[in-house]
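> Dropping the structure in here first, questions after.
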Amino acid sequence: MSDEINDNLPPENGKTGDSASAIFAAIMREAAEKARPKGAGSRATPRPLASQETSEHSVEEEPDPAEAVDDNVDTGGPAAPQRFRRVPHGRLHQSRSDSGFAGGFLRTIFVVGISAGLVATVLTWFTDPQFLNPAVVKGLQLNDPMLMANIADAGATPTPVATPNWHYRIGIISGHRGKDSGAVCEDAYGYPELQEADINFSVAQRVVAKLKAENFTVDLLDENDPRLDNYQGVALVSIHANTCYDFGEFVSGYIVAKAEARPDFGNDTLLRECVALNYGALVPLERSFVLTLDMTDYHVFRTIHPLTPAVILEMGYMLADREVLENEPELLAQAITNGIYCYLGVSGNVSGLSPARADARYLVPLLETPTPDWSR
């Protein structure tokens, strides 16, 4: 009773005593401590608010029942710091990011693979079998009877597609085409009846067809074709026919010339001799060595790439050799083609075209004969 009386007395020395609510809270806290089972360890004292905010991964202790009572009682004193629970997001976020990236990558690969298969299937179903050019399909077929027989004798199984020579580019110039008519033969009334450009084009077309049948990449070029600028290829042959002028004597024969600026015993010389030898073997004309500046300094020689072997062929004189020039374009084309095959096989540019090939009809020059100098 003395304590209770003292509590009700005014504070000494002007000090303010605790309020009744604060005293009641203390009594309740003491009762809670006594009601706790024996052996139960005391809970860790909560950290101050400042230490909780600086520790990212700290775990909050469960509130004490007595403390829960304290939080619901108005003590009348300063506001107690509010406790909150901080969840450690760092590790959880990192693990989710790793698994999400891997799963997304695998899903993307799967979707792309399935999509590609579906598109390929749909395109196969709706593509017309005649979509490809029949000439291209025929060129891809293995249709050489002798080669097939040799393969069968060797006991090997042939592939359905021949090895292509598409990376070997050959240029064939149809002389004067796209520029002018070239030399002209006139009738008794002065009207043109035979033009050089027509003869050249008829032969050039056949040469291109024969080379393409061997799966070569062949360019049929005009006289001033813009593609001739720095043209690169394994060979270039310009096809022409000589003048129809009447010299007052019998002038006949074919002429093959290379650029005078090129080496005398290089690839240009080899191409010249191959074409000359094989052309003379099939065409009943003699080789002529009467060269002009228009041949040795042919404008195309100064336009193409320096490493492209090139020659100009005058197939014959349109007056004396008119019959063969006008009526035998297939023979002339085969003779020129054989000359190109000869060069490709001997120069080693195409290993498949060698003199030992069973169906080879071309001749190989034994020596690279330089063109005689008739000016001396």
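Naming works like this for the structure tokens: A, B, ... for the chains as they're shown, residue 1 at the start of each chain, ligands 1 onward in shown order.
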Would you list the contacts of range 237-253 of chain A as a VMD selection string, taking every protein, DNA or RNA residue within 8 Å and counting only C-alpha atoms, but skipping same-chain residues closer than 5 positions in sequence?

chain A and resid 171 to 176 183 to 185 196 to 197 199 to 200 203 to 204 285 to 288 310 to 321

> I'd like the neighbourhood of range 290-302 of chain A as a count of residues only, where a residue qualifies if any of its atoms comes within 10 Å (using only C-alpha atoms), though same-chain residues fewer than 2 positions away should be ignored.

37

> Have a look at CA of Lys212 in chain A and CA of Ala235 in chain A and let me know their distance in Å, one decimal.

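Separating CA of Lys212 in chain A from CA of Ala235 in chain A is a distance of 14.2 Å.
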
> Between CA of Ala335 in chain A and CA of Tyr279 in chain A, what is the distance, to one decimal in Å?

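The value is 4.6 Å.
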